[in-house]
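A.B. asks: Input final37.pdb, format and content: PDB, C-alpha atoms.
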ATOM      1  CA  MET A 327      16.233 -12.865 -39.347
ATOM      2  CA  HIS A 328      17.973 -11.104 -42.230
ATOM      3  CA  ASP A 329      20.603  -8.373 -42.434
ATOM      4  CA  GLU A 330      18.530  -6.545 -45.062
ATOM      5  CA  ALA A 331      15.259  -6.915 -46.932
ATOM      6  CA  PRO A 332      15.228 -10.306 -48.711
ATOM      7  CA  PRO A 333      13.629 -10.656 -52.143
ATOM      8  CA  VAL A 334       9.951 -11.650 -52.254
ATOM      9  CA  ASP A 335       9.545 -15.264 -53.372
ATOM     10  CA  PRO A 336       6.830 -15.350 -56.098
ATOM     11  CA  SER A 337       5.425 -18.593 -54.615
ATOM     12  CA  TRP A 338       3.872 -16.605 -51.748
ATOM     13  CA  GLU A 339       0.314 -15.567 -52.616
ATOM     14  CA  ASP A 340      -0.226 -12.923 -49.905
ATOM     15  CA  VAL A 341       2.530 -10.659 -48.576
ATOM     16  CA  VAL A 342       2.375  -7.696 -46.162
ATOM     17  CA  GLU A 343       5.070  -5.621 -44.436
ATOM     18  CA  VAL A 344       4.934  -3.589 -41.218
ATOM     19  CA  SER A 345       7.372  -1.842 -38.900
ATOM     20  CA  PHE A 346       7.998  -3.256 -35.432
ATOM     21  CA  ARG A 347      10.021  -2.387 -32.351
ATOM     22  CA  PRO A 348      10.118  -4.709 -29.303
ATOM     23  CA  VAL A 349       8.774  -3.066 -26.120
ATOM     24  CA  SER A 350      10.209  -5.667 -23.725
ATOM     25  CA  ARG A 351      13.455  -7.530 -23.276
ATOM     26  CA  ARG A 352      11.923 -10.736 -24.605
ATOM     27  CA  THR A 353       9.850 -11.205 -27.780
ATOM     28  CA  ARG A 354       8.005 -14.447 -28.503
ATOM     29  CA  LEU A 355       5.917 -15.804 -31.351
ATOM     30  CA  VAL A 356       2.814 -17.334 -29.763
ATOM     31  CA  LEU A 357       0.056 -19.443 -31.324
ATOM     32  CA  ARG A 358      -3.370 -17.905 -30.991
ATOM     33  CA  ALA A 359      -4.551 -20.359 -28.327
ATOM     34  CA  GLY A 360      -1.200 -20.154 -26.544
ATOM     35  CA  GLU A 361      -0.449 -23.859 -26.944
ATOM     36  CA  SER A 362       3.038 -23.212 -28.357
ATOM     37  CA  ALA A 363       5.518 -20.331 -28.355
ATOM     38  CA  TRP A 364       9.003 -19.585 -29.668
ATOM     39  CA  ASP A 365      11.574 -17.036 -28.517
ATOM     40  CA  LEU A 366      12.644 -14.764 -31.370
ATOM     41  CA  GLY A 367      15.742 -13.338 -29.709
ATOM     42  CA  LEU A 368      15.088  -9.792 -30.957
ATOM     43  CA  ALA A 369      17.270  -6.964 -29.692
ATOM     44  CA  PRO A 370      15.504  -3.657 -28.824
ATOM     45  CA  ALA A 371      15.729  -1.983 -32.245
ATOM     46  CA  ASP A 372      13.533  -0.986 -35.196
ATOM     47  CA  TYR A 373      12.651  -3.801 -37.585
ATOM     48  CA  ARG A 374      10.773  -4.276 -40.800
ATOM     49  CA  VAL A 375       8.642  -7.434 -40.718
ATOM     50  CA  ARG A 376       7.275  -9.306 -43.714
ATOM     51  CA  TYR A 377       4.449 -11.812 -43.330
ATOM     52  CA  CYS A 378       3.989 -14.211 -46.252
ATOM     53  CA  ALA A 379       1.137 -16.697 -46.736
ATOM     54  CA  ARG A 380       0.125 -19.389 -49.194
ATOM     55  CA  GLY A 381      -3.154 -21.344 -49.307
ATOM     56  CA  MET A 382      -4.992 -19.156 -46.769
ATOM     57  CA  ASP A 383      -8.466 -19.755 -48.261
ATOM     58  CA  LYS A 384      -8.007 -23.530 -48.445
ATOM     59  CA  GLY A 385      -6.596 -23.681 -44.937
ATOM     60  CA  SER A 386      -9.506 -21.628 -43.608
ATOM     61  CA  ARG A 387     -12.064 -23.977 -45.172
ATOM     62  CA  LEU A 388     -10.398 -26.997 -43.610
ATOM     63  CA  ASP A 389     -10.175 -25.215 -40.234
ATOM     64  CA  ALA A 390      -7.916 -27.802 -38.557
ATOM     65  CA  ARG A 391      -5.439 -30.354 -39.953
ATOM     66  CA  GLY A 392      -4.882 -33.806 -38.588
ATOM     67  CA  ASP A 393      -1.377 -35.188 -38.137
ATOM     68  CA  LYS A 394      -1.610 -37.383 -41.244
ATOM     69  CA  GLU A 395      -3.359 -34.867 -43.514
ATOM     70  CA  PRO A 396      -1.366 -32.885 -46.091
ATOM     71  CA  ARG A 397      -0.556 -29.263 -45.331
ATOM     72  CA  ALA A 398      -3.068 -26.870 -46.922
ATOM     73  CA  ASP A 399      -1.490 -23.500 -46.034
ATOM     74  CA  SER A 400       2.001 -22.194 -45.197
ATOM     75  CA  TYR A 401       3.361 -19.009 -43.631
ATOM     76  CA  LEU A 402       6.681 -17.198 -43.322
ATOM     77  CA  LEU A 403       7.706 -14.383 -40.959
ATOM     78  CA  GLN A 404      10.847 -12.418 -41.881
ATOM     79  CA  PHE A 405      12.677  -9.712 -39.853
ATOM     80  CA  TRP A 406      15.423  -7.304 -40.845
ATOM     81  CA  PRO A 407      16.650  -3.979 -39.420
ATOM     82  CA  GLY A 408      14.851  -0.952 -40.806
ATOM     83  CA  PRO A 409      13.492   2.447 -39.794
ATOM     84  CA  PRO A 410       9.744   2.873 -39.216
ATOM     85  CA  ARG A 411       7.603   3.489 -42.301
ATOM     86  CA  PRO A 412       3.959   2.875 -43.284
ATOM     87  CA  ASP A 413       2.445  -0.590 -43.539
ATOM     88  CA  GLN A 414       2.368  -2.056 -47.038
ATOM     89  CA  VAL A 415       0.336  -4.725 -48.843
ATOM     90  CA  VAL A 416       2.952  -6.185 -51.192
ATOM     91  CA  ARG A 417       0.729  -8.862 -52.733
ATOM     92  CA  GLN A 418      -2.922  -9.864 -52.281
ATOM     93  CA  THR A 419      -4.488 -12.995 -53.728
ATOM     94  CA  SER A 420      -6.740 -14.769 -51.216
ATOM     95  CA  ARG A 421     -10.284 -13.850 -50.212
ATOM     96  CA  ILE A 422      -9.360 -13.880 -46.505
ATOM     97  CA  ALA A 423      -6.462 -11.471 -47.044
ATOM     98  CA  ALA A 424      -8.727  -9.105 -49.009
ATOM     99  CA  CYS A 425     -11.314  -9.167 -46.187
ATOM    100  CA  ARG A 426      -8.706  -8.438 -43.535
ATOM    101  CA  HIS A 427      -7.131  -5.652 -45.539
ATOM    102  CA  ARG A 428     -10.538  -4.049 -46.077
ATOM    103  CA  PHE A 429     -11.205  -4.191 -42.331
ATOM    104  CA  ALA A 430      -7.797  -2.675 -41.560
ATOM    105  CA  ARG A 431      -8.314   0.203 -44.011
ATOM    106  CA  GLU A 432     -11.573   1.152 -42.290
ATOM    107  CA  LEU A 433      -9.868   1.517 -38.916
ATOM    108  CA  PRO A 434      -8.950   5.025 -37.764
ATOM    109  CA  PRO A 435      -5.298   5.911 -38.308
ATOM    110  CA  PRO A 436      -3.039   4.935 -35.417
ATOM    111  CA  PRO A 437      -1.860   7.785 -33.180
ATOM    112  CA  VAL A 438       1.424   9.413 -33.977
ATOM    113  CA  PRO A 439       4.174   8.969 -31.345
ATOM    114  CA  GLU A 440       3.411  12.366 -29.795
ATOM    115  CA  GLU A 441      -0.280  11.481 -29.406
ATOM    116  CA  ARG A 442       0.591   8.077 -27.955
ATOM    117  CA  ALA A 443       2.984   9.649 -25.467
ATOM    118  CA  GLU A 444       0.332  12.197 -24.413
ATOM    119  CA  ARG A 445      -2.272   9.458 -23.929
ATOM    120  CA  GLU A 446       0.164   7.450 -21.855
ATOM    121  CA  ARG A 447       1.000  10.518 -19.770
ATOM    122  CA  LEU A 448      -2.673  11.271 -19.116
ATOM    123  CA  ALA A 449      -3.386   7.629 -18.246
ATOM    124  CA  ARG A 450      -0.396   7.560 -15.898
ATOM    125  CA  GLU A 451      -1.521  10.766 -14.176
ATOM    126  CA  ALA A 452      -5.073   9.422 -13.817
ATOM    127  CA  GLU A 453      -3.759   6.226 -12.212
ATOM    128  CA  GLU A 454      -1.521   8.227  -9.884
ATOM    129  CA  ARG A 455      -4.497  10.372  -8.828
ATOM    130  CA  ALA A 456      -6.617   7.276  -8.252
ATOM    131  CA  ALA A 457      -3.857   5.661  -6.195
ATOM    132  CA  GLU A 458      -3.488   8.825  -4.109
ATOM    133  CA  GLU A 459      -7.254   8.973  -3.545
ATOM    134  CA  ARG A 460      -7.241   5.340  -2.398
ATOM    135  CA  ARG A 461      -4.330   6.061  -0.070
ATOM    136  CA  LEU A 462      -6.058   9.101   1.434
ATOM    137  CA  HIS A 463      -9.323   7.177   1.817
ATOM    138  CA  HIS A 464      -7.571   4.473   3.828
ATOM    139  CA  GLU A 465      -5.555   6.997   5.831
ATOM    140  CA  ARG A 466      -8.717   8.918   6.707
ATOM    141  CA  TRP A 467     -10.271   5.684   7.964
ATOM    142  CA  GLU A 468      -7.146   4.844   9.988
ATOM    143  CA  TRP A 469      -7.260   8.251  11.683
ATOM    144  CA  GLY A 470     -10.917   8.061  12.707
ATOM    145  CA  GLY A 471     -12.622   9.700   9.731
ATOM    146  CA  ARG A 472     -10.331  12.676   9.152
ATOM    147  CA  LEU A 473      -6.880  13.217   7.748
ATOM    148  CA  PRO A 474      -4.105  13.819  10.278
ATOM    149  CA  SER A 475      -2.100  17.003  10.412
ATOM    150  CA  GLY A 476       1.556  16.970   9.509
ATOM    151  CA  ARG A 477       2.322  17.065  13.241
ATOM    152  CA  LEU A 478       0.413  13.849  13.881
ATOM    153  CA  ARG A 479       1.983  12.112  10.892
ATOM    154  CA  ALA A 480       5.446  12.949  12.202
ATOM    155  CA  VAL A 481       4.906  12.598  15.960
ATOM    156  CA  GLY A 482       5.821   8.911  16.231
ATOM    157  CA  GLY A 483       5.489   7.178  19.565
ATOM    158  CA  ASN A 484       2.231   5.393  20.371
ATOM    159  CA  VAL A 485      -0.128   7.671  18.461
ATOM    160  CA  ARG A 486      -1.534   4.848  16.328
ATOM    161  CA  GLY A 487      -2.145   2.746  19.406
ATOM    162  CA  LEU A 488      -4.108   5.550  21.063
ATOM    163  CA  LEU A 489      -6.080   6.100  17.850
ATOM    164  CA  ARG A 490      -7.715   2.723  18.328
ATOM    165  CA  PHE A 491      -9.055   3.813  21.714
ATOM    166  CA  ASP A 492     -10.111   7.428  21.044
ATOM    167  CA  SER A 493      -9.359   9.042  17.689
ATOM    168  CA  ASP A 494     -11.304  12.184  18.633
ATOM    169  CA  LEU A 495      -9.011  12.729  21.605
ATOM    170  CA  VAL A 496      -5.913  12.305  19.415
ATOM    171  CA  HIS A 497      -7.057  15.035  17.018
ATOM    172  CA  ALA A 498      -8.217  17.254  19.877
ATOM    173  CA  LEU A 499      -4.845  17.040  21.593
ATOM    174  CA  ASP A 500      -3.139  17.877  18.306
ATOM    175  CA  ALA A 501      -5.232  21.027  17.983
ATOM    176  CA  ALA A 502      -5.020  22.027  21.643
ATOM    177  CA  GLY A 503      -1.542  23.545  21.679
ATOM    178  CA  PRO A 504       1.572  22.888  23.774
ATOM    179  CA  ASP A 505       0.230  24.155  27.127
ATOM    180  CA  VAL A 506      -2.776  21.831  27.092
ATOM    181  CA  GLN A 507      -0.640  19.002  25.750
ATOM    182  CA  ARG A 508       1.841  19.374  28.604
ATOM    183  CA  THR A 509      -1.009  19.568  31.163
ATOM    184  CA  THR A 510      -2.531  16.409  29.702
ATOM    185  CA  ALA A 511       0.778  14.550  29.892
ATOM    186  CA  VAL A 512       1.204  15.461  33.559
ATOM    187  CA  LEU A 513      -2.380  14.488  34.368
ATOM    188  CA  ALA A 514      -2.007  11.130  32.623
ATOM    189  CA  ALA A 515       1.224  10.368  34.516
ATOM    190  CA  HIS A 516      -0.386  11.202  37.870
ATOM    191  CA  ARG A 517      -3.529   9.183  37.149
ATOM    192  CA  ALA A 518      -1.496   6.192  35.991
ATOM    193  CA  CYS A 519       0.562   6.199  39.198
ATOM    194  CA  GLU A 520      -2.557   6.620  41.310
ATOM    195  CA  ALA A 521      -4.212   3.644  39.615
ATOM    196  CA  ALA A 522      -1.067   1.586  40.171
ATOM    197  CA  GLY A 523      -0.768   2.604  43.858
ATOM    198  CA  LEU A 524       2.619   4.282  43.359
ATOM    199  CA  THR A 525       2.006   7.858  44.504
ATOM    200  CA  ASP A 526       3.172   7.092  48.056
ATOM    201  CA  VAL A 527       6.406   5.460  46.894
ATOM    202  CA  PRO A 528       8.981   8.227  47.558
ATOM    203  CA  TRP A 529      11.102   7.904  44.417
ATOM    204  CA  VAL A 530       7.951   7.831  42.244
ATOM    205  CA  ALA A 531       6.497  10.849  44.086
ATOM    206  CA  ARG A 532       9.698  12.799  43.426
ATOM    207  CA  ALA A 533       9.446  12.004  39.728
ATOM    208  CA  LEU A 534       5.818  13.142  39.581
ATOM    209  CA  THR A 535       6.775  16.411  41.253
ATOM    210  CA  ALA A 536       9.557  16.947  38.712
ATOM    211  CA  VAL A 537       7.192  16.286  35.812
ATOM    212  CA  SER A 538       4.640  18.712  37.235
ATOM    213  CA  LEU A 539       7.296  21.455  37.557
ATOM    214  CA  GLY A 540       8.855  20.778  34.161
ATOM    215  CA  ARG A 541      12.158  19.666  35.662
ATOM    216  CA  PRO A 542      14.415  16.753  34.632
ATOM    217  CA  LEU A 543      13.426  13.394  36.061
ATOM    218  CA  PRO A 544      15.438  12.367  39.149
ATOM    219  CA  PRO A 545      17.085   8.971  39.601
ATOM    220  CA  PRO A 546      16.234   6.227  38.952
ATOM    221  CA  PHE A 547      14.079   7.616  36.103
ATOM    222  CA  ASP A 548      17.182   8.909  34.330
ATOM    223  CA  ASP A 549      18.118   5.277  33.642
ATOM    224  CA  PRO A 550      15.191   3.110  32.401
ATOM    225  CA  ALA A 551      17.004  -0.126  33.232
ATOM    226  CA  LEU A 552      17.698   1.058  36.800
ATOM    227  CA  MET A 553      14.099   2.275  37.069
ATOM    228  CA  ARG A 554      12.750  -1.183  36.208
ATOM    229  CA  GLU A 555      15.161  -2.849  38.625
ATOM    230  CA  THR A 556      14.152  -0.428  41.418
ATOM    231  CA  LEU A 557      10.503  -1.171  40.704
ATOM    232  CA  ARG A 558      11.205  -4.886  40.969
ATOM    233  CA  ARG A 559      13.163  -4.667  44.224
ATOM    234  CA  ASP A 560      11.200  -2.043  46.201
ATOM    235  CA  PRO A 561       8.859  -3.812  48.676
ATOM    236  CA  ARG A 562       6.699  -0.674  48.875
ATOM    237  CA  VAL A 563       5.506  -1.202  45.294
ATOM    238  CA  PRO A 564       2.067  -2.842  45.446
ATOM    239  CA  ASP A 565       1.273  -5.918  43.421
ATOM    240  CA  ARG A 566      -1.658  -4.596  41.411
ATOM    241  CA  SER A 567      -3.053  -6.021  38.197
ATOM    242  CA  VAL A 568      -6.044  -5.416  36.018
ATOM    243  CA  LEU A 569      -7.543  -6.958  32.913
ATOM    244  CA  GLY A 570      -5.961  -5.431  29.840
ATOM    245  CA  ALA A 571      -7.551  -2.577  27.918
ATOM    246  CA  VAL A 572      -9.436  -3.567  24.772
ATOM    247  CA  PRO A 573     -10.250  -0.819  22.255
ATOM    248  CA  PRO A 574     -13.802  -0.478  20.942
ATOM    249  CA  GLU A 575     -14.701  -2.777  18.073
ATOM    250  CA  ARG A 576     -14.457  -1.265  14.633
ATOM    251  CA  PRO A 577     -15.919  -2.523  11.363
ATOM    252  CA  PRO A 578     -13.286  -3.615   8.844
ATOM    253  CA  TYR A 579     -12.038  -1.132   6.297
ATOM    254  CA  ARG A 580     -13.947  -0.970   3.025
ATOM    255  CA  SER A 581     -12.182   0.514   0.048
ATOM    256  CA  PRO A 582     -14.016   2.937  -2.276
ATOM    257  CA  GLY A 583     -14.512   0.030  -4.692
ATOM    258  CA  GLY A 584     -16.172  -2.102  -2.022
ATOM    259  CA  GLY A 585     -13.201  -4.257  -1.009
ATOM    260  CA  GLU A 586     -12.900  -5.211   2.648
ATOM    261  CA  TYR A 587      -9.720  -5.523   4.671
ATOM    262  CA  ASP A 588      -9.499  -6.524   8.329
ATOM    263  CA  THR A 589      -7.318  -4.408  10.577
ATOM    264  CA  PRO A 590      -4.937  -6.256  12.892
ATOM    265  CA  VAL A 591      -5.920  -6.736  16.537
ATOM    266  CA  PHE A 592      -3.089  -7.021  19.037
ATOM    267  CA  VAL A 593      -3.909  -9.386  21.906
ATOM    268  CA  HIS A 594      -1.615  -9.832  24.891
ATOM    269  CA  GLY A 595      -1.743 -12.683  27.393
ATOM    270  CA  THR A 596      -4.561 -15.082  28.035
ATOM    271  CA  THR A 597      -8.123 -14.042  27.519
ATOM    272  CA  GLY A 598     -10.414 -12.944  30.302
ATOM    273  CA  PRO A 599     -13.841 -11.295  30.385
ATOM    274  CA  SER A 600     -12.421  -8.272  28.560
ATOM    275  CA  GLY A 601     -10.568 -10.331  25.958
ATOM    276  CA  ARG A 602      -7.166  -9.634  27.535
ATOM    277  CA  GLY A 603      -5.195 -11.273  30.296
ATOM    278  CA  PRO A 604      -4.244  -9.419  33.500
ATOM    279  CA  ILE A 605      -1.377  -6.899  33.304
ATOM    280  CA  SER A 606       0.827  -5.404  36.021
ATOM    281  CA  GLN A 607      -0.283  -1.809  36.578
ATOM    282  CA  PRO A 608       3.014  -0.505  38.052
ATOM    283  CA  HIS A 609       4.883  -1.686  34.969
ATOM    284  CA  PHE A 610       2.633   0.417  32.708
ATOM    285  CA  ALA A 611       2.423   3.408  35.045
ATOM    286  CA  LEU A 612       6.144   4.238  35.142
ATOM    287  CA  PRO A 613       6.456   4.521  31.332
ATOM    288  CA  ALA A 614       3.657   7.115  31.553
ATOM    289  CA  VAL A 615       5.939   9.192  33.791
ATOM    290  CA  LEU A 616       8.817   8.841  31.330
ATOM    291  CA  ALA A 617       6.520   9.814  28.464
ATOM    292  CA  ALA A 618       5.242  12.903  30.307
ATOM    293  CA  ALA A 619       8.834  14.185  30.533
ATOM    294  CA  ASP A 620       9.297  14.047  26.751
ATOM    295  CA  PRO A 621      10.410  17.505  25.530
ATOM    296  CA  ALA A 622       7.942  17.323  22.629
ATOM    297  CA  PRO A 623       4.567  18.307  24.197
ATOM    298  CA  LEU A 624       2.318  16.519  21.675
ATOM    299  CA  ARG A 625       4.223  13.254  21.852
ATOM    300  CA  ALA A 626       4.408  13.556  25.644
ATOM    301  CA  ALA A 627       0.626  13.875  25.868
ATOM    302  CA  LEU A 628      -0.175  11.077  23.423
ATOM    303  CA  ASP A 629       2.310   8.605  24.896
ATOM    304  CA  ALA A 630       1.496   9.399  28.529
ATOM    305  CA  VAL A 631      -2.230   8.921  27.856
ATOM    306  CA  TRP A 632      -1.534   5.696  25.964
ATOM    307  CA  HIS A 633       0.452   4.229  28.878
ATOM    308  CA  ALA A 634      -2.175   5.462  31.336
ATOM    309  CA  VAL A 635      -4.911   3.766  29.300
ATOM    310  CA  HIS A 636      -3.123   0.441  29.667
ATOM    311  CA  THR A 637      -2.471   1.103  33.342
ATOM    312  CA  TYR A 638      -6.227   1.530  33.849
ATOM    313  CA  GLY A 639      -6.838  -1.602  31.772
ATOM    314  CA  GLU A 640     -10.501  -2.463  31.385
ATOM    315  CA  HIS A 641     -11.432   0.725  33.274
ATOM    316  CA  TYR A 642      -9.746   3.032  30.742
ATOM    317  CA  PRO A 643     -12.987   4.832  29.655
ATOM    318  CA  ARG A 644     -13.002   6.588  33.037
ATOM    319  CA  LEU A 645      -9.510   7.955  32.394
ATOM    320  CA  LEU A 646     -10.293   9.114  28.855
ATOM    321  CA  ALA A 647     -13.445  10.875  30.033
ATOM    322  CA  GLU A 648     -11.415  12.839  32.585
ATOM    323  CA  VAL A 649      -8.708  13.713  30.075
ATOM    324  CA  ARG A 650     -11.307  14.957  27.597
ATOM    325  CA  SER A 651     -13.282  17.043  30.083
ATOM    326  CA  GLY A 652     -10.270  18.414  31.924
ATOM    327  CA  CYS A 653      -8.045  19.267  29.012
ATOM    328  CA  VAL A 654      -9.729  19.389  25.627
ATOM    329  CA  GLY A 655     -13.443  19.163  26.333
ATOM    330  CA  PRO A 656     -15.830  16.469  25.125
ATOM    331  CA  PRO A 657     -16.037  15.683  21.386
ATOM    332  CA  PRO A 658     -19.103  17.063  19.556
ATOM    333  CA  GLY A 659     -22.232  15.117  20.362
ATOM    334  CA  ASP A 660     -20.642  13.249  23.272
ATOM    335  CA  GLY A 661     -23.118  12.935  26.144
TER     336      GLY A 661
END
Is it possible to express this structure as structure tokens?
C.D. replies:
Amino acid sequence: MHDEAPPVDPSWEDVVEVSFRPVSRRTRLVLRAGESAWDLGLAPADYRVRYCARGMDKGSRLDARGDKEPRADSYLLQFWPGPPRPDQVVRQTSRIAACRHRFARELPPPPVPEERAERERLAREAEERAAEERRLHHERWEWGGRLPSGRLRAVGGNVRGLLRFDSDLVHALDAAGPDVQRTTAVLAAHRACEAAGLTDVPWVARALTAVSLGRPLPPPFDDPALMRETLRRDPRVPDRSVLGAVPPERPPYRSPGGGEYDTPVFVHGTTGPSGRGPISQPHFALPAVLAAADPAPLRAALDAVWHAVHTYGEHYPRLLAEVRSGCVGPPPGDG
């Protein structure tokens, strides 16, 4: 490293100069095969670089030098601060240098900074478009073959859980409007409590009536912790269980380029004939009532149906068929 351009030693047979600016925080000199490397400690600034060589033709003929053989060729790399300017052949003597210079002169001129910046911008935009297309492709697969509306993306709750059971129903409920959504939520809450044997339990019946009339939930539903404790203590609550609901099998996701990624499968309890252990139906039914009272109609419908699905357990297709036919109609082509 020099403060300014050093004089050219006449002992060097081939000399070239180029401009250089580091594009990273660390610059290294690396042998062609990568067997050795040296940090140069260059600050991010514009440099002029001089490459000097001696004995290039002889060194090329020998190809490789043993440890005890005399040196055939030598090289020097010099840096000093300097603004960018064209490359320069300062001195040419060897056959190899002449061949390389001839090859370099036949290359097209390098792009000017404006052209380089435009190419980089276009490449960046193309990569961003490709990344967005990959994202949309995976999102479309996640949502059952179609992109979700902004409402579905923002709804929260258990929408992604219900997607795994019936994506057509999720999209149909989204398109159905608030009246149908509210009706679906109420239906799901009632069916969940019926399946769990809770409709004759007075405090549950009062809650179902409130949900049906659009009124606030009465105690103990206004306090989830008290609701669970009441469920545990009330001897009128039946002890009903069912094998857990297992969504239909789905092939793994395949990216547009052919890559394959498995989607996670959530398994609860020990396995039974359905692949899930038994679950307590009353404990899933009451959250369906809470969900049906949600002030947001779409979330109320999706969450109430999701809890009702798990209340029905392995028999959930019967529930989904009723929800579809009673509220949104069957999906196209569904027998």
A.B. asks: Take CA of Asp365 (chain A) and CA of Pro410 (chain A) and report the distance between them in Å, one decimal.
C.D. replies: 22.7 Å
A.B. asks: Could you tell me which residues the PyMOL selection byres ((chain A and resi 377) around 8) grabs in this file, written as an NGL selection string?
C.D. replies: :A and (341-343 or 375-376 or 378-379 or 401-404)
A.B. asks: For the residues in the current selection, export C-alpha atoms as a PDB file, in the frame of the given file.
C.D. replies:
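What follows is the written file result_33.pdb:
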ATOM      1  CA  VAL A 341       2.530 -10.659 -48.576  1.00  0.00           C
ATOM      2  CA  VAL A 342       2.375  -7.696 -46.162  1.00  0.00           C
ATOM      3  CA  GLU A 343       5.070  -5.621 -44.436  1.00  0.00           C
ATOM      4  CA  VAL A 375       8.642  -7.434 -40.718  1.00  0.00           C
ATOM      5  CA  ARG A 376       7.275  -9.306 -43.714  1.00  0.00           C
ATOM      6  CA  CYS A 378       3.989 -14.211 -46.252  1.00  0.00           C
ATOM      7  CA  ALA A 379       1.137 -16.697 -46.736  1.00  0.00           C
ATOM      8  CA  TYR A 401       3.361 -19.009 -43.631  1.00  0.00           C
ATOM      9  CA  LEU A 402       6.681 -17.198 -43.322  1.00  0.00           C
ATOM     10  CA  LEU A 403       7.706 -14.383 -40.959  1.00  0.00           C
ATOM     11  CA  GLN A 404      10.847 -12.418 -41.881  1.00  0.00           C
TER      12      GLN A 404
END
A.B. asks: Please indicate the distance in Å from CA of Asp492 (chain A) to CA of Gly471 (chain A), rounded to one decimal place.
C.D. replies: 11.8 Å
A.B. asks: Using the chain letters and numbers from the file, give me the residues hit by the PyMOL selection byres ((chain A and resi 479-481) around 12), as a ChimeraX atom specification.
C.D. replies: /A:465-466,468-469,473-478,482-486,496-497,500,620,622-629
A.B. asks: Would you list the residues near (1.1, 23.6, 25.8) (no more than 12 Å away, in the coordinates of the file, using only C-alpha atoms) as a ChimeraX atom specification?
C.D. replies: /A:499-512,540,621-627,653-654
A.B. asks: How far is it from CA of Glu648 (chain A) to CA of Leu569 (chain A), in Å with one decimal?
C.D. replies: 20.2 Å
A.B. asks: With the PyMOL selection byres ((chain A and resi 571) around 9) as the selection, what would be picked from this file? Answer as a list of chain:residue names, please.
C.D. replies: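 So the PyMOL selection byres ((chain A and resi 571) around 9) ends up selecting A:Val568, A:Leu569, A:Gly570, A:Val572, A:Pro573, A:Ser600, A:Gly601, A:Arg602, A:Val635, A:His636, A:Thr637, A:Tyr638, A:Gly639, A:Glu640, A:His641, A:Tyr642.
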A.B. asks: Give me a file of those residues, with C-alpha atoms, as a PDB file, in the frame of the given file.
C.D. replies:
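Done, and the output landed in again.pdb:
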ATOM      1  CA  VAL A 568      -6.044  -5.416  36.018  1.00  0.00           C
ATOM      2  CA  LEU A 569      -7.543  -6.958  32.913  1.00  0.00           C
ATOM      3  CA  GLY A 570      -5.961  -5.431  29.840  1.00  0.00           C
ATOM      4  CA  VAL A 572      -9.436  -3.567  24.772  1.00  0.00           C
ATOM      5  CA  PRO A 573     -10.250  -0.819  22.255  1.00  0.00           C
ATOM      6  CA  SER A 600     -12.421  -8.272  28.560  1.00  0.00           C
ATOM      7  CA  GLY A 601     -10.568 -10.331  25.958  1.00  0.00           C
ATOM      8  CA  ARG A 602      -7.166  -9.634  27.535  1.00  0.00           C
ATOM      9  CA  VAL A 635      -4.911   3.766  29.300  1.00  0.00           C
ATOM     10  CA  HIS A 636      -3.123   0.441  29.667  1.00  0.00           C
ATOM     11  CA  THR A 637      -2.471   1.103  33.342  1.00  0.00           C
ATOM     12  CA  TYR A 638      -6.227   1.530  33.849  1.00  0.00           C
ATOM     13  CA  GLY A 639      -6.838  -1.602  31.772  1.00  0.00           C
ATOM     14  CA  GLU A 640     -10.501  -2.463  31.385  1.00  0.00           C
ATOM     15  CA  HIS A 641     -11.432   0.725  33.274  1.00  0.00           C
ATOM     16  CA  TYR A 642      -9.746   3.032  30.742  1.00  0.00           C
TER      17      TYR A 642
END
A.B. asks: Choose the residue, out of A:Asp494, A:Arg559, A:Ala619, A:Gly487, that has the smallest atom-to-atom separation from Pro544 (chain A); count all atoms listed in the file.
C.D. replies: A:Ala619
A.B. asks: Taking every listed atom of region 529-542 of chain A and adding 4 Å to each side, what centre and edge lengths in Å (one decimal) does the axis-aligned box have, as JSON?
C.D. replies:
{"center_x": 9.5, "center_y": 14.6, "center_z": 39.3, "size_x": 17.8, "size_y": 21.6, "size_z": 18.3}
A.B. asks: I'd like the contact shell of Arg566 (chain A) - 7 Å cut-off, only C-alpha atoms, skipping same-chain residues fewer than 3 positions apart - returned as a PyMOL selection string.
C.D. replies: chain A and resi 522+606-607
A.B. asks: For a cut-off of 12 Å around (-13.9, 0.7, 17.9), file coordinates, pick out all residues using only C-alpha atoms and list them as a list of chain:residue names.
C.D. replies: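 The answer, in the requested form, is A:Trp467, A:Glu468, A:Trp469, A:Gly470, A:Leu488, A:Leu489, A:Arg490, A:Phe491, A:Asp492, A:Ser493, A:Asp494, A:Val572, A:Pro573, A:Pro574, A:Glu575, A:Arg576, A:Pro577, A:Pro578, A:Tyr579, A:Thr589, A:Val591.
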A.B. asks: Need the shell around Ala514 (chain A): protein/DNA/RNA residues with any atom at most 8 Å away, counting only C-alpha atoms. Skip same-chain ones fewer than 3 positions apart. Format as a list in words?
C.D. replies: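 The residues satisfying every condition are Thr510, Ala511, Arg517, Ala518, Ala614, Ala618, Ala627, Ala630, Val631, Ala634 and Val649 of chain A.
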A.B. asks: Tell me which protein, DNA and RNA residues are within 8 Å of region 412-426 of chain A, counting all atoms listed in the file, leaving out same-chain ones fewer than 6 positions away, and put them as a count of residues only.
C.D. replies: 10
